[in-house]
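Text of coords31.tsv, listed as TSV, C-alpha atoms (C1' of nucleotides):
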```tsv
chain	number	residue	atom	x	y	z
A	1	MET	CA	66.80	14.42	-18.51
A	2	ALA	CA	65.70	15.48	-15.07
A	3	ALA	CA	65.63	19.10	-14.11
A	4	MET	CA	67.10	19.97	-10.75
A	5	LEU	CA	63.70	20.96	-9.43
A	6	SER	CA	60.43	19.24	-10.16
A	7	GLN	CA	57.51	20.72	-11.99
A	8	THR	CA	55.57	20.54	-8.74
A	9	THR	CA	58.15	22.79	-7.09
A	10	GLU	CA	58.01	25.26	-9.94
A	11	TYR	CA	54.22	25.44	-9.68
A	12	ALA	CA	54.29	25.87	-5.91
A	13	LEU	CA	56.70	28.78	-6.17
A	14	ARG	CA	54.69	30.46	-8.92
A	15	ALA	CA	51.57	30.10	-6.82
A	16	MET	CA	53.18	31.60	-3.72
A	17	VAL	CA	54.51	34.49	-5.76
A	18	ALA	CA	51.03	35.03	-7.19
A	19	LEU	CA	49.55	35.09	-3.70
A	20	ALA	CA	52.25	37.45	-2.51
A	21	THR	CA	51.71	39.71	-5.50
A	22	SER	CA	47.97	39.89	-5.10
A	23	SER	CA	46.46	42.71	-3.14
A	24	SER	CA	43.06	41.08	-2.76
A	25	GLU	CA	42.04	39.08	0.22
A	26	ALA	CA	42.18	35.69	-1.39
A	27	LEU	CA	42.78	34.16	-4.80
A	28	THR	CA	40.93	31.16	-6.12
A	29	ALA	CA	42.79	28.25	-7.60
A	30	GLN	CA	41.31	29.22	-10.92
A	31	GLU	CA	42.72	32.73	-10.71
A	32	ILE	CA	46.16	31.47	-9.79
A	33	ALA	CA	46.04	28.85	-12.54
A	34	ALA	CA	45.14	31.47	-15.13
A	35	SER	CA	47.66	34.11	-14.11
A	36	SER	CA	50.53	31.71	-13.57
A	37	HIS	CA	49.82	29.26	-16.38
A	38	ILE	CA	49.40	26.18	-14.25
A	39	PRO	CA	46.95	23.36	-15.06
A	40	LEU	CA	44.06	23.94	-12.67
A	41	ASP	CA	43.53	20.41	-11.48
A	42	TYR	CA	47.18	19.84	-10.82
A	43	LEU	CA	47.49	23.18	-9.06
A	44	SER	CA	44.71	22.11	-6.73
A	45	LYS	CA	46.87	19.25	-5.49
A	46	VAL	CA	49.83	21.53	-5.02
A	47	LEU	CA	47.80	24.11	-3.12
A	48	SER	CA	46.52	21.31	-0.98
A	49	LEU	CA	50.10	20.40	-0.07
A	50	LEU	CA	50.88	24.02	0.73
A	51	SER	CA	47.76	24.17	2.87
A	52	ARG	CA	48.62	21.04	4.84
A	53	ALA	CA	52.10	22.44	5.39
A	54	GLY	CA	50.51	25.55	6.84
A	55	LEU	CA	51.93	27.94	4.27
A	56	VAL	CA	48.54	28.98	2.94
A	57	HIS	CA	45.07	29.19	4.37
A	58	SER	CA	42.18	27.92	2.35
A	59	GLN	CA	38.53	28.77	2.46
A	60	ARG	CA	35.86	26.76	0.76
A	61	GLY	CA	32.67	27.86	-0.87
A	62	ARG	CA	31.63	30.96	-2.70
A	63	GLY	CA	34.04	33.81	-2.11
A	64	GLY	CA	36.64	31.38	-0.91
A	65	GLY	CA	40.18	30.84	-2.10
A	66	PHE	CA	43.72	30.81	-0.83
A	67	GLN	CA	45.78	33.27	1.16
A	68	ALA	CA	49.38	33.21	2.25
A	69	ALA	CA	49.52	32.28	5.91
A	70	ARG	CA	52.47	34.58	6.55
A	71	PRO	CA	53.88	37.74	5.04
A	72	ALA	CA	56.04	37.08	2.00
A	73	SER	CA	58.94	38.76	3.77
A	74	GLU	CA	58.92	35.97	6.33
A	75	LEU	CA	58.55	33.07	3.94
A	76	THR	CA	61.55	31.53	2.20
A	77	VAL	CA	61.86	29.62	-1.04
A	78	LEU	CA	63.24	26.73	0.97
A	79	GLU	CA	60.05	26.46	3.02
A	80	VAL	CA	57.95	26.28	-0.12
A	81	VAL	CA	60.22	23.70	-1.71
A	82	THR	CA	60.24	21.66	1.46
A	83	ALA	CA	56.47	21.71	1.67
A	84	VAL	CA	55.90	20.16	-1.73
A	85	ASP	CA	59.04	18.33	-2.79
A	86	PRO	CA	61.86	18.47	-0.27
A	87	LEU	CA	65.48	18.66	-1.27
A	88	ARG	CA	67.07	15.47	-0.13
A	89	ARG	CA	70.29	15.89	1.72
A	90	ILE	CA	72.51	12.81	1.56
A	91	LYS	CA	72.90	11.73	5.14
A	92	THR	CA	73.69	8.08	4.68
A	93	CYS	CA	75.53	6.10	2.07
A	94	PRO	CA	73.13	5.38	-0.81
A	95	LEU	CA	74.79	2.05	-1.39
A	96	GLY	CA	74.71	0.36	1.96
A	97	LEU	CA	74.20	0.71	5.61
A	98	PRO	CA	73.72	4.03	7.36
A	99	VAL	CA	76.90	6.01	7.74
A	100	HIS	CA	76.85	8.84	10.21
A	101	GLY	CA	78.45	12.23	10.45
A	102	GLU	CA	81.31	12.90	8.08
A	103	ASN	CA	81.57	9.33	6.93
A	104	LEU	CA	80.24	9.69	3.41
A	105	CYS	CA	82.59	8.78	0.59
A	106	PRO	CA	84.06	11.72	-1.36
A	107	LEU	CA	81.51	11.36	-4.14
A	108	HIS	CA	78.50	11.58	-1.89
A	109	ARG	CA	80.06	14.24	0.25
A	110	LYS	CA	80.45	16.39	-2.85
A	111	LEU	CA	76.95	15.67	-4.05
A	112	ASP	CA	75.57	16.51	-0.65
A	113	ASP	CA	77.59	19.72	-0.70
A	114	ALA	CA	75.74	20.68	-3.85
A	115	VAL	CA	72.39	20.07	-2.22
A	116	ARG	CA	73.52	22.02	0.82
A	117	ILE	CA	74.53	25.14	-1.10
A	118	VAL	CA	71.20	25.14	-2.91
A	119	GLU	CA	69.47	24.72	0.42
A	120	GLU	CA	71.39	27.67	1.80
A	121	ALA	CA	70.63	29.83	-1.21
A	122	PHE	CA	66.94	29.02	-0.98
A	123	SER	CA	66.78	29.65	2.73
A	124	ALA	CA	68.27	33.10	2.15
A	125	THR	CA	65.68	34.00	-0.46
A	126	THR	CA	62.29	35.30	0.62
A	127	ILE	CA	59.20	35.08	-1.52
A	128	GLU	CA	58.97	38.85	-1.16
A	129	SER	CA	62.24	39.21	-3.04
A	130	LEU	CA	60.63	37.44	-5.99
A	131	VAL	CA	57.78	39.88	-6.35
A	132	GLY	CA	57.91	42.89	-8.60
A	133	GLY	CA	59.68	42.02	-11.80
A	134	THR	CA	56.55	40.96	-13.56
A	135	LEU	CA	58.24	39.54	-16.58
A	136	CYS	CA	57.80	35.81	-16.18
A	137	GLN	CA	54.70	36.11	-14.06
A	138	GLY	CA	51.32	36.01	-15.68
A	139	GLU	CA	50.28	37.59	-18.92
A	140	THR	CA	52.91	40.26	-18.93
A	141	CYS	CA	55.45	37.65	-19.80
A	142	HIS	CA	54.04	37.31	-23.26
A	143	ALA	CA	53.52	40.99	-23.65
A	144	LYS	CA	57.06	42.06	-22.90
A	145	ALA	CA	58.97	39.17	-24.38
A	146	VAL	CA	60.54	39.83	-27.74
B	1	MET	CA	59.60	13.75	-4.72
B	2	ALA	CA	62.36	14.37	-7.19
B	3	ALA	CA	65.98	14.31	-6.10
B	4	MET	CA	68.15	17.09	-7.42
B	5	LEU	CA	70.14	14.64	-9.52
B	6	SER	CA	68.76	11.68	-11.38
B	7	GLN	CA	69.58	8.07	-10.71
B	8	THR	CA	71.24	7.98	-14.10
B	9	THR	CA	73.62	10.72	-13.01
B	10	GLU	CA	74.42	8.93	-9.77
B	11	TYR	CA	75.25	5.76	-11.70
B	12	ALA	CA	77.42	7.56	-14.22
B	13	LEU	CA	79.46	9.17	-11.47
B	14	ARG	CA	79.89	5.90	-9.60
B	15	ALA	CA	81.01	4.24	-12.80
B	16	MET	CA	83.56	6.95	-13.60
B	17	VAL	CA	84.92	6.76	-10.07
B	18	ALA	CA	85.19	2.99	-10.41
B	19	LEU	CA	87.12	3.38	-13.66
B	20	ALA	CA	89.36	6.01	-12.10
B	21	THR	CA	89.98	3.82	-9.08
B	22	SER	CA	90.85	0.73	-11.07
B	23	SER	CA	94.43	0.03	-11.89
B	24	SER	CA	93.70	-2.53	-14.57
B	25	GLU	CA	93.54	-1.76	-18.24
B	26	ALA	CA	89.79	-2.00	-18.57
B	27	LEU	CA	86.75	-2.91	-16.51
B	28	THR	CA	83.78	-4.80	-17.87
B	29	ALA	CA	80.28	-3.52	-17.32
B	30	GLN	CA	79.76	-6.53	-15.10
B	31	GLU	CA	82.70	-5.63	-12.90
B	32	ILE	CA	81.55	-2.04	-12.54
B	33	ALA	CA	78.00	-3.14	-11.83
B	34	ALA	CA	79.15	-5.48	-9.11
B	35	SER	CA	81.58	-3.14	-7.39
B	36	SER	CA	79.34	-0.10	-7.57
B	37	HIS	CA	75.98	-1.77	-7.04
B	38	ILE	CA	74.38	-0.73	-10.27
B	39	PRO	CA	71.90	-2.89	-12.21
B	40	LEU	CA	73.95	-4.33	-15.07
B	41	ASP	CA	71.51	-3.78	-17.90
B	42	TYR	CA	70.85	-0.22	-16.91
B	43	LEU	CA	74.52	0.47	-16.46
B	44	SER	CA	75.11	-0.68	-20.01
B	45	LYS	CA	72.93	2.13	-21.25
B	46	VAL	CA	74.70	4.66	-19.08
B	47	LEU	CA	78.14	3.49	-20.20
B	48	SER	CA	76.91	3.75	-23.75
B	49	LEU	CA	76.04	7.40	-23.15
B	50	LEU	CA	79.46	8.03	-21.63
B	51	SER	CA	81.04	6.32	-24.61
B	52	ARG	CA	79.16	8.40	-27.14
B	53	ALA	CA	80.13	11.53	-25.23
B	54	GLY	CA	83.75	10.45	-25.55
B	55	LEU	CA	84.39	10.16	-21.83
B	56	VAL	CA	85.14	6.45	-21.95
B	57	HIS	CA	86.49	4.09	-24.56
B	58	SER	CA	84.81	0.77	-25.07
B	59	GLN	CA	86.16	-2.43	-26.49
B	60	ARG	CA	83.95	-5.31	-27.51
B	61	GLY	CA	84.61	-9.00	-27.34
B	62	ARG	CA	86.54	-11.18	-24.99
B	63	GLY	CA	88.92	-9.19	-22.87
B	64	GLY	CA	87.03	-6.04	-23.67
B	65	GLY	CA	85.51	-3.47	-21.35
B	66	PHE	CA	85.61	0.22	-20.59
B	67	GLN	CA	88.40	2.66	-19.90
B	68	ALA	CA	88.36	6.32	-19.01
B	69	ALA	CA	89.28	8.32	-22.09
B	70	ARG	CA	91.15	10.92	-20.06
B	71	PRO	CA	92.97	11.03	-16.74
B	72	ALA	CA	90.65	11.52	-13.79
B	73	SER	CA	92.55	14.67	-12.91
B	74	GLU	CA	91.35	16.23	-16.13
B	75	LEU	CA	87.74	15.13	-15.95
B	76	THR	CA	85.15	17.07	-13.99
B	77	VAL	CA	81.91	16.02	-12.39
B	78	LEU	CA	80.16	18.53	-14.60
B	79	GLU	CA	81.36	16.80	-17.75
B	80	VAL	CA	80.00	13.48	-16.54
B	81	VAL	CA	76.69	15.00	-15.53
B	82	THR	CA	76.43	16.80	-18.84
B	83	ALA	CA	77.11	13.62	-20.77
B	84	VAL	CA	74.21	11.68	-19.28
B	85	ASP	CA	71.69	14.13	-17.89
B	86	PRO	CA	72.60	17.77	-18.34
B	87	LEU	CA	71.78	20.41	-15.78
B	88	ARG	CA	69.33	22.74	-17.40
B	89	ARG	CA	70.10	26.37	-17.02
B	90	ILE	CA	67.05	28.58	-17.32
B	91	LYS	CA	67.75	30.80	-20.29
B	92	THR	CA	64.25	31.69	-21.33
B	93	CYS	CA	61.03	32.27	-19.49
B	94	PRO	CA	59.39	28.88	-18.86
B	95	LEU	CA	55.97	30.45	-19.28
B	96	GLY	CA	56.12	32.16	-22.59
B	97	LEU	CA	58.25	33.40	-25.37
B	98	PRO	CA	62.04	33.48	-25.24
B	99	VAL	CA	63.45	36.19	-23.03
B	100	HIS	CA	67.08	37.01	-23.47
B	101	GLY	CA	69.88	38.11	-21.24
B	102	GLU	CA	68.94	39.41	-17.84
B	103	ASN	CA	65.26	39.48	-18.62
B	104	LEU	CA	64.11	36.57	-16.50
B	105	CYS	CA	61.66	37.35	-13.74
B	106	PRO	CA	63.06	37.33	-10.20
B	107	LEU	CA	61.80	33.81	-9.54
B	108	HIS	CA	63.49	32.27	-12.53
B	109	ARG	CA	66.59	34.32	-12.07
B	110	LYS	CA	66.93	32.90	-8.58
B	111	LEU	CA	66.23	29.37	-9.72
B	112	ASP	CA	68.79	29.71	-12.47
B	113	ASP	CA	71.25	31.04	-9.92
B	114	ALA	CA	70.85	27.80	-8.01
B	115	VAL	CA	71.56	25.76	-11.10
B	116	ARG	CA	74.55	27.95	-11.84
B	117	ILE	CA	76.19	27.53	-8.47
B	118	VAL	CA	75.81	23.77	-8.72
B	119	GLU	CA	77.27	23.92	-12.19
B	120	GLU	CA	80.21	25.89	-10.87
B	121	ALA	CA	80.76	23.52	-7.98
B	122	PHE	CA	80.69	20.54	-10.30
B	123	SER	CA	83.04	22.10	-12.80
B	124	ALA	CA	85.53	22.69	-10.00
B	125	THR	CA	85.44	19.07	-8.88
B	126	THR	CA	87.55	16.50	-10.66
B	127	ILE	CA	86.80	12.81	-10.67
B	128	GLU	CA	90.25	12.32	-9.23
B	129	SER	CA	89.22	14.19	-6.10
B	130	LEU	CA	86.51	11.61	-5.55
B	131	VAL	CA	88.84	8.67	-5.49
B	132	GLY	CA	90.34	7.35	-2.30
B	133	GLY	CA	87.84	7.45	0.49
B	134	THR	CA	86.54	4.01	-0.27
B	135	LEU	CA	83.65	4.19	2.11
B	136	CYS	CA	80.67	4.44	-0.15
B	137	GLN	CA	82.35	2.75	-3.07
B	138	GLY	CA	81.96	-0.94	-3.60
B	139	GLU	CA	82.02	-3.63	-0.99
B	140	THR	CA	83.96	-1.68	1.55
B	141	CYS	CA	80.93	0.43	2.16
B	142	HIS	CA	79.20	-2.42	3.88
B	143	ALA	CA	82.33	-3.51	5.66
B	144	LYS	CA	83.15	-0.17	7.23
B	145	ALA	CA	79.68	1.16	7.84
B	146	VAL	CA	78.47	0.92	11.42
C	1	DC	C1'	86.81	-22.13	-37.70
C	2	DG	C1'	84.27	-22.77	-33.28
C	3	DA	C1'	83.52	-21.46	-28.57
C	4	DT	C1'	83.30	-17.82	-25.51
C	5	DA	C1'	83.13	-13.15	-23.66
C	6	DT	C1'	81.81	-8.74	-24.28
C	7	DC	C1'	79.52	-4.41	-26.01
C	8	DT	C1'	75.33	-2.56	-28.66
C	9	DG	C1'	70.84	-1.68	-29.23
C	10	DG	C1'	65.84	-2.71	-29.63
C	11	DA	C1'	61.70	-4.10	-27.20
C	12	DT	C1'	59.27	-4.27	-23.17
C	13	DA	C1'	58.03	-3.82	-18.20
C	14	DA	C1'	57.68	-1.43	-13.78
C	15	DA	C1'	57.80	2.68	-11.06
C	16	DT	C1'	57.14	7.44	-10.54
C	17	DA	C1'	55.71	12.15	-11.81
C	18	DT	C1'	52.51	14.84	-14.08
C	19	DA	C1'	47.96	15.74	-15.69
C	20	DT	C1'	42.90	15.14	-16.06
C	21	DC	C1'	38.23	13.98	-14.64
C	22	DC	C1'	34.62	14.20	-11.53
C	23	DA	C1'	31.86	13.55	-7.32
C	24	DA	C1'	31.45	15.16	-2.54
C	25	DA	C1'	31.84	18.59	1.07
C	26	DT	C1'	31.33	23.28	2.33
C	27	DA	C1'	30.49	28.04	2.26
C	28	DT	C1'	28.01	32.27	0.33
C	29	DC	C1'	24.31	34.70	-1.71
C	30	DC	C1'	19.55	35.54	-2.76
D	1	DG	C1'	16.14	26.55	1.51
D	2	DG	C1'	17.91	26.50	-3.29
D	3	DA	C1'	21.38	27.97	-6.57
D	4	DT	C1'	26.08	28.77	-7.13
D	5	DA	C1'	31.05	28.93	-6.29
D	6	DT	C1'	34.65	26.92	-4.32
D	7	DT	C1'	38.00	23.48	-1.99
D	8	DT	C1'	38.93	18.48	-1.18
D	9	DG	C1'	40.01	14.14	-2.49
D	10	DG	C1'	39.51	9.74	-5.07
D	11	DA	C1'	40.07	7.50	-9.53
D	12	DT	C1'	42.21	7.34	-13.73
D	13	DA	C1'	45.15	8.61	-17.78
D	14	DT	C1'	49.56	10.09	-19.82
D	15	DA	C1'	54.50	10.89	-19.89
D	16	DT	C1'	58.94	10.09	-18.24
D	17	DT	C1'	62.41	7.62	-15.78
D	18	DT	C1'	64.26	3.49	-14.33
D	19	DA	C1'	64.84	-1.34	-14.91
D	20	DT	C1'	64.83	-5.79	-17.36
D	21	DC	C1'	65.13	-9.02	-21.20
D	22	DC	C1'	67.29	-10.70	-25.09
D	23	DA	C1'	69.09	-11.02	-29.84
D	24	DG	C1'	72.88	-9.34	-32.73
D	25	DA	C1'	77.58	-7.58	-33.60
D	26	DT	C1'	82.33	-8.02	-32.57
D	27	DA	C1'	86.52	-9.40	-30.61
D	28	DT	C1'	89.67	-13.01	-28.43
D	29	DC	C1'	91.36	-17.53	-27.68
D	30	DG	C1'	92.39	-22.19	-28.82
```

Let me see whether you can do it: turn the structure in this file into C-alpha cells.
Amino acid sequence: MAAMLSQTTEYALRAMVALATSSSEALTAQEIAASSHIPLDYLSKVLSLLSRAGLVHSQRGRGGGFQAARPASELTVLEVVTAVDPLRRIKTCPLGLPVHGENLCPLHRKLDDAVRIVEEAFSATTIESLVGGTLCQGETCHAKAV
Amino acid sequence: MAAMLSQTTEYALRAMVALATSSSEALTAQEIAASSHIPLDYLSKVLSLLSRAGLVHSQRGRGGGFQAARPASELTVLEVVTAVDPLRRIKTCPLGLPVHGENLCPLHRKLDDAVRIVEEAFSATTIESLVGGTLCQGETCHAKAV
DNA sequence: CGATATCTGGATAAATATATCCAAATATCC
DNA sequence: GGATATTTGGATATATTTATCCAGATATCG
C-alpha cells in the first residue's frame, strides 16, 4: 500500500511552497506547520534536512525561522525530493552482483525507466510554478472545497 | 527513504515474469522463490494476492502450483502492480475536503501528473516484453554479472 | 486409506517510516 | 542580565511494511 512518494517528501514540498508563497522575511516552523497542516515536531525534522541540504536557511532564537536559500524560480521539485528522500534509480541488479551500463534485465530496465521519467518531470518543475493556485495550500483549501 | 515501488510490487513482478518464462504447466511457490530470490513465506502472501485478483490460478496439493491466468502478451505491468499495491492517483486534496476535477492545487496536480505518467508507462508494458533478457532473473544474474 | 506435497491463512517478529515529547542551544527583546 | 521565542537534536512511541513461523485444508500418488 505504498504511495509513490513518502509523506516526508509531501511535507517537504508543502513547506517549500509555503516559504515561496510567503512575502515575509522568514517563517517559523510553527507558522509553516499551521498553514500547511503538517505535524510541527515532524516538520522540524524535515526542515532540518532541507537546511542541511542547503535549500533553506535557518535562524534560531526570537524572530528566527526559515527562509528559502534560493529564489523559487531556481529551485526544482527534484532538488527538494532529493534533499529529503531521494528517488532511487536502479543502477545495479537488485538480485545479485553489480551490473553496469545497459545490463539490467528488461524488468529492471523498465522500472528504472519509470523512475527516470519521474525524475525528468520533477527536474523540469520549479517550486515557483507551484505557487499561486491556493486551493490545496493552507486554510483556503477547506474554504473553497465543495 | 522510500522507493517509488514497494518490495511487494517488485516481488509480484518477478513472480509473474518467472511464470511467463516457464514452459512447464505450473510452478510451485518454492520454485519461484528459488529462481527469483524471494523469501518463500512472503512470496506466498504475494501469490495469494495475485490469485485473488485473478491474475494467476493456483492448485493445491501434490503436483500443484501457480500458473498465469492469461498469456503474458495480454497482461500489463500496471495490472500486476494494481493487484498487489496500487498506484494512488491523487484525486482529492490531501489536506482537506474532496476537491473534484481539475481543482487540485498546482503541487498536487504536478504530483498526480507524475503518478499518471508512470501509470501510462506501466499500462503500455506487457509482461511478455519483460521476458528474455535473463540477466537479472534467477541464477543467471550471478553468472553473467561482472 | 496413508503418506506426501502443496496452497491458505492466522499469529507473530523484525525493520522502517511516521509521529510525539522534551531538554539544550541560541538568538532577541526589554 | 532575565524572560521569551525559536531551532536543534536525542529519546521514545505508534503505524506500516516486510519477513518468518506454523497449523490446517486440499490434492495426488501408491

Test item: chain C residues at most 10 Å from chain A, counting all atoms listed in the file, as a ChimeraX atom specification: /C:17-21,25-29

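Among D:DA11, D:DC29, D:DA3, D:DA23, the residue with the shortest atom-to-atom distance to chain B, counting only C-alpha atoms (C1' of nucleotides), is D:DC29.
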
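When the distance limit is 6 Å and all atoms listed in the file are what count, the residues near range 71-78 of chain B, minus those fewer than 4 positions from it on the same chain, are Ala20, Thr82, Phe122, Ser123, Thr125, Thr126, Ile127 and Glu128 of chain B.
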
Please dump the current selection as an mmCIF file, in the coordinates of the input; keep C-alpha atoms.
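Saved the output as again-v8.cif:
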```
data_model
loop_
_atom_site.group_PDB
_atom_site.id
_atom_site.type_symbol
_atom_site.label_atom_id
_atom_site.label_comp_id
_atom_site.auth_asym_id
_atom_site.auth_seq_id
_atom_site.Cartn_x
_atom_site.Cartn_y
_atom_site.Cartn_z
ATOM 1 C CA ALA B 20 89.360 6.010 -12.100
ATOM 2 C CA THR B 82 76.430 16.800 -18.840
ATOM 3 C CA PHE B 122 80.690 20.540 -10.300
ATOM 4 C CA SER B 123 83.040 22.100 -12.800
ATOM 5 C CA THR B 125 85.440 19.070 -8.880
ATOM 6 C CA THR B 126 87.550 16.500 -10.660
ATOM 7 C CA ILE B 127 86.800 12.810 -10.670
ATOM 8 C CA GLU B 128 90.250 12.320 -9.230
#
```

Can you show chain A as a short mmCIF file (atom, residue, chain, number, x, y, z; two decimals) with C-alpha atoms, in the coordinates of the input once it has been least-squares superposed onto chain B, using every C-alpha atom paired in order?
```cif
data_model
loop_
_atom_site.label_atom_id
_atom_site.label_comp_id
_atom_site.auth_asym_id
_atom_site.auth_seq_id
_atom_site.Cartn_x
_atom_site.Cartn_y
_atom_site.Cartn_z
CA MET A 1 59.70 13.75 -4.50
CA ALA A 2 62.41 14.33 -7.05
CA ALA A 3 66.02 14.28 -6.05
CA MET A 4 68.17 17.07 -7.40
CA LEU A 5 70.14 14.64 -9.51
CA SER A 6 68.76 11.66 -11.36
CA GLN A 7 69.59 8.06 -10.70
CA THR A 8 71.25 7.97 -14.10
CA THR A 9 73.63 10.72 -13.00
CA GLU A 10 74.43 8.93 -9.78
CA TYR A 11 75.25 5.74 -11.69
CA ALA A 12 77.41 7.57 -14.23
CA LEU A 13 79.47 9.18 -11.49
CA ARG A 14 79.90 5.90 -9.61
CA ALA A 15 81.03 4.25 -12.82
CA MET A 16 83.58 6.96 -13.61
CA VAL A 17 84.93 6.77 -10.09
CA ALA A 18 85.21 3.00 -10.43
CA LEU A 19 87.14 3.39 -13.68
CA ALA A 20 89.37 6.02 -12.13
CA THR A 21 89.98 3.83 -9.10
CA SER A 22 90.86 0.76 -11.09
CA SER A 23 94.45 0.04 -11.90
CA SER A 24 93.70 -2.52 -14.58
CA GLU A 25 93.53 -1.73 -18.22
CA ALA A 26 89.80 -1.97 -18.60
CA LEU A 27 86.76 -2.90 -16.54
CA THR A 28 83.79 -4.77 -17.90
CA ALA A 29 80.30 -3.52 -17.32
CA GLN A 30 79.77 -6.52 -15.12
CA GLU A 31 82.72 -5.63 -12.91
CA ILE A 32 81.58 -2.04 -12.55
CA ALA A 33 78.01 -3.15 -11.85
CA ALA A 34 79.18 -5.50 -9.11
CA SER A 35 81.60 -3.15 -7.39
CA SER A 36 79.37 -0.10 -7.57
CA HIS A 37 76.00 -1.77 -7.02
CA ILE A 38 74.40 -0.73 -10.27
CA PRO A 39 71.92 -2.90 -12.20
CA LEU A 40 73.97 -4.33 -15.06
CA ASP A 41 71.54 -3.78 -17.88
CA TYR A 42 70.84 -0.23 -16.90
CA LEU A 43 74.54 0.48 -16.44
CA SER A 44 75.11 -0.68 -20.00
CA LYS A 45 72.91 2.14 -21.26
CA VAL A 46 74.70 4.66 -19.10
CA LEU A 47 78.13 3.50 -20.22
CA SER A 48 76.90 3.76 -23.75
CA LEU A 49 76.03 7.42 -23.15
CA LEU A 50 79.44 8.03 -21.63
CA SER A 51 81.03 6.34 -24.62
CA ARG A 52 79.13 8.42 -27.16
CA ALA A 53 80.12 11.53 -25.24
CA GLY A 54 83.73 10.47 -25.56
CA LEU A 55 84.38 10.17 -21.85
CA VAL A 56 85.13 6.46 -21.98
CA HIS A 57 86.49 4.11 -24.59
CA SER A 58 84.83 0.79 -25.09
CA GLN A 59 86.14 -2.43 -26.50
CA ARG A 60 83.97 -5.32 -27.49
CA GLY A 61 84.60 -9.01 -27.28
CA ARG A 62 86.56 -11.17 -24.94
CA GLY A 63 88.98 -9.15 -22.85
CA GLY A 64 87.07 -6.01 -23.67
CA GLY A 65 85.53 -3.45 -21.36
CA PHE A 66 85.61 0.24 -20.63
CA GLN A 67 88.40 2.68 -19.93
CA ALA A 68 88.36 6.34 -19.04
CA ALA A 69 89.27 8.34 -22.11
CA ARG A 70 91.16 10.92 -20.07
CA PRO A 71 92.98 11.03 -16.77
CA ALA A 72 90.66 11.52 -13.82
CA SER A 73 92.54 14.69 -12.93
CA GLU A 74 91.34 16.24 -16.17
CA LEU A 75 87.74 15.13 -15.98
CA THR A 76 85.15 17.08 -14.01
CA VAL A 77 81.91 16.02 -12.40
CA LEU A 78 80.16 18.54 -14.61
CA GLU A 79 81.35 16.79 -17.77
CA VAL A 80 80.00 13.48 -16.55
CA VAL A 81 76.68 15.00 -15.54
CA THR A 82 76.42 16.80 -18.84
CA ALA A 83 77.09 13.62 -20.77
CA VAL A 84 74.21 11.68 -19.28
CA ASP A 85 71.67 14.11 -17.89
CA PRO A 86 72.60 17.76 -18.33
CA LEU A 87 71.77 20.39 -15.78
CA ARG A 88 69.32 22.71 -17.39
CA ARG A 89 70.11 26.35 -17.02
CA ILE A 90 67.04 28.57 -17.32
CA LYS A 91 67.75 30.77 -20.29
CA THR A 92 64.26 31.68 -21.33
CA CYS A 93 61.03 32.26 -19.49
CA PRO A 94 59.38 28.88 -18.86
CA LEU A 95 55.98 30.45 -19.24
CA GLY A 96 56.12 32.20 -22.56
CA LEU A 97 58.23 33.47 -25.32
CA PRO A 98 62.01 33.49 -25.24
CA VAL A 99 63.46 36.19 -23.05
CA HIS A 100 67.10 36.99 -23.53
CA GLY A 101 69.93 38.08 -21.31
CA GLU A 102 68.98 39.34 -17.88
CA ASN A 103 65.29 39.45 -18.63
CA LEU A 104 64.12 36.55 -16.50
CA CYS A 105 61.66 37.35 -13.74
CA PRO A 106 63.07 37.32 -10.20
CA LEU A 107 61.80 33.81 -9.54
CA HIS A 108 63.49 32.26 -12.52
CA ARG A 109 66.59 34.32 -12.07
CA LYS A 110 66.93 32.90 -8.57
CA LEU A 111 66.23 29.37 -9.70
CA ASP A 112 68.77 29.71 -12.46
CA ASP A 113 71.25 31.05 -9.92
CA ALA A 114 70.84 27.81 -8.02
CA VAL A 115 71.57 25.76 -11.11
CA ARG A 116 74.54 27.97 -11.87
CA ILE A 117 76.20 27.53 -8.47
CA VAL A 118 75.81 23.77 -8.73
CA GLU A 119 77.27 23.93 -12.20
CA GLU A 120 80.22 25.90 -10.89
CA ALA A 121 80.77 23.52 -7.99
CA PHE A 122 80.70 20.53 -10.31
CA SER A 123 83.03 22.10 -12.81
CA ALA A 124 85.54 22.69 -10.02
CA THR A 125 85.45 19.08 -8.90
CA THR A 126 87.57 16.50 -10.68
CA ILE A 127 86.80 12.81 -10.69
CA GLU A 128 90.27 12.33 -9.25
CA SER A 129 89.23 14.21 -6.13
CA LEU A 130 86.52 11.61 -5.58
CA VAL A 131 88.87 8.67 -5.50
CA GLY A 132 90.39 7.33 -2.34
CA GLY A 133 87.86 7.43 0.44
CA THR A 134 86.55 3.99 -0.26
CA LEU A 135 83.64 4.18 2.08
CA CYS A 136 80.65 4.45 -0.22
CA GLN A 137 82.36 2.74 -3.11
CA GLY A 138 81.98 -0.96 -3.58
CA GLU A 139 81.96 -3.62 -0.93
CA THR A 140 83.90 -1.67 1.62
CA CYS A 141 80.86 0.44 2.21
CA HIS A 142 79.12 -2.41 3.92
CA ALA A 143 82.20 -3.50 5.73
CA LYS A 144 82.99 -0.20 7.38
CA ALA A 145 79.50 1.10 7.99
CA VAL A 146 78.26 0.76 11.53
#
```

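Taking CA of Leu47 in chain A and C1' of DT6 in chain D as the two end points, the separation is 13.5 Å.
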
Quote the spacing between CA of Leu87 in chain B and CA of Arg14 in chain A in Å to one decimal place. 21.0 Å

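Using all atoms listed in the file, the smallest distance between any of B:Thr92, B:Ser44, B:Gln30, B:Ser51 and chain D comes from B:Ser44.
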
For chain B, work out the contacting residues on chain D at 10 Å, counting all atoms listed in the file, and write them as an mmCIF file with C-alpha atoms (C1' of nucleotides), in the frame of the given file.
```
data_model
loop_
_atom_site.group_PDB
_atom_site.id
_atom_site.type_symbol
_atom_site.label_atom_id
_atom_site.label_comp_id
_atom_site.auth_asym_id
_atom_site.auth_seq_id
_atom_site.Cartn_x
_atom_site.Cartn_y
_atom_site.Cartn_z
ATOM 1 C "C1'" DT D 17 62.410 7.620 -15.780
ATOM 2 C "C1'" DT D 18 64.260 3.490 -14.330
ATOM 3 C "C1'" DA D 19 64.840 -1.340 -14.910
ATOM 4 C "C1'" DT D 20 64.830 -5.790 -17.360
ATOM 5 C "C1'" DC D 21 65.130 -9.020 -21.200
ATOM 6 C "C1'" DA D 25 77.580 -7.580 -33.600
ATOM 7 C "C1'" DT D 26 82.330 -8.020 -32.570
ATOM 8 C "C1'" DA D 27 86.520 -9.400 -30.610
ATOM 9 C "C1'" DT D 28 89.670 -13.010 -28.430
ATOM 10 C "C1'" DC D 29 91.360 -17.530 -27.680
#
```
